[in-house]
Amino acid sequence: MTSTAPDTSAGAVARSEAQRRVLAALVSSQILSGAGLAAGITVGALLAQDMLGATDLAGLPSALFTAGSALAAVTIGRISQARGRRPGLAAGYLTGAIGSAGVITAAVTDSPVLLFIALFVYGAGTATNLQARYAGADLAAPTHRARAVSTVLVATTLGGVVGPNLAAPTGAFAATLGIPALAGPFLLSGTAYALAALVLAVRLRPDPLLLARSLDLERERGTAGAKTRGPGLIPGALTMILTQLVMVAIMTMTPVHMHDHGHGTAASGLVIALHVAAMYLPSPLTGRLVDRHGPTVVAAASGLTLLAAGITAAAAPADSVALLALALALLGLGWNLGLVSGTAMITDAVPLATRARTQGMVDVSIAIAGATGGLSSGLVVAAAGFPVLALTGGLLALAVLPAIVVTASSR
């Protein structure tokens, strides 16, 4: 009788070789998408403020493109579940490029309504940038999942750092084309997202999720059923939701706060660039910490780091670019710790059979949290000031700790 046991050695080799190819494609696309993501973040609030003439709605762009990312997250998750990661991620980036073109058109025609619609569509790029981290973990061994996630995240750093610093040059270039300067970075966003979609459509082969299913990695069909309701799913989601809400709220209003106190686009671009670098650059170290010490310890560290960011931002003098940059760097680091640890919890808790759909739904919650943070941030600043927003966000981040305590006690 022929044995039906899987060839573990052959499967491991196939997985390892495929994982290298997958990570290479994901890294290339993330470098491009990082530029598209960060460029829009830098001037989105300023563009809305300029077109609307009001600060209390300056947080609306962030709320819109994070709300758009919520719809995109569930759509990408469903496409990936049915057809694989490649079509899901490529479609998401292409949609983000279309949204960028819409923002430029809205700025040229001075149409706030079109701006809001376009920013909603633009949010698909944000959702796709985050969803790509799951693709990095599909074929990874359990003891290296966090590191695989971190490899995808850190690739965003290059584009994320370059993007905001191109805000002023792309603005000047846009002006020569008759486009408002604040819409210039969206030229970069649209191009970067379109190229990222092309890279994934051509190079993300084999499809990591489809191959992981065919190899039946870690025999998840036989063992993961009990894990789907394990302690990792809810705490992992809560960790990422809270860190996203706090990060988006403070990040969104920092360029507006700086602009209102006489700082130019170049200064706010530098601060956002450092923030984005801190969001992604520590990822390899974070991944190692998660794999070595467990996600709950790192998630707790994220809450404390975000508290430090909020206190620093609240205490920083409005004319101190250095202290604001430090606060935004801590904000990015806290987000990174929360995202990597939360992603590890989710991935460990959900089987391959339902993984993409569940991950998409979790990212919907994350996007809604970001939209809430973005929308409320402008209202809080208008009513009470930026320091109150920063301090409130830092204190809110501590809510991560009870979730971690519950997780630890239930294991």
# chains A, B, ... in the order shown; residues from 1 in each chain; ligands from 1
$ residues_around --residues "region 250-266 of chain A" --least-positions-apart "5" --cutoff "7 Å" --atoms "only C-alpha atoms" --output "list of chain:residue names"
A:Ala45, A:Leu46, A:Gly59, A:Ser62, A:Asn165, A:Ala168, A:Ala318, A:Asp319, A:Gly374, A:Ser377, A:Gly378, A:Phe386, A:Leu389, A:Ala390
$ closest_atom_pairs --of "region 167-264 of chain A" --to "region 325-343 of chain A" --cutoff "6 Å" --atoms "only C-alpha atoms" --output "Markdown table"
| residue | atom | partner | partner_atom | distance |
| --- | --- | --- | --- | --- |
| A:Gly236 | CA | A:Gly342 | CA | 4.0 |
| A:Thr239 | CA | A:Gly342 | CA | 5.8 |
| A:Met240 | CA | A:Leu339 | CA | 5.4 |
| A:Thr243 | CA | A:Trp335 | CA | 5.4 |
$ closest_residue --among "A:Thr191, A:Ser376, A:Thr392, A:Thr347" --to "Leu306 (chain A)" --atoms "only C-alpha atoms"
A:Thr392
$ atom_distance --atom1 "CA of Leu395 (chain A)" --atom2 "CA of Ala316 (chain A)"
16.7 Å
$ atom_distance --atom1 "CA of Ala141 (chain A)" --atom2 "CA of Gly294 (chain A)"
15.1 Å
$ atom_distance --atom1 "CA of Ala48 (chain A)" --atom2 "CA of Asn129 (chain A)"
23.3 Å
$ closest_residue --among "A:Ala344, A:Val121, A:Leu401, A:Ala91" --to "Thr143 (chain A)" --atoms "only C-alpha atoms"
A:Ala344
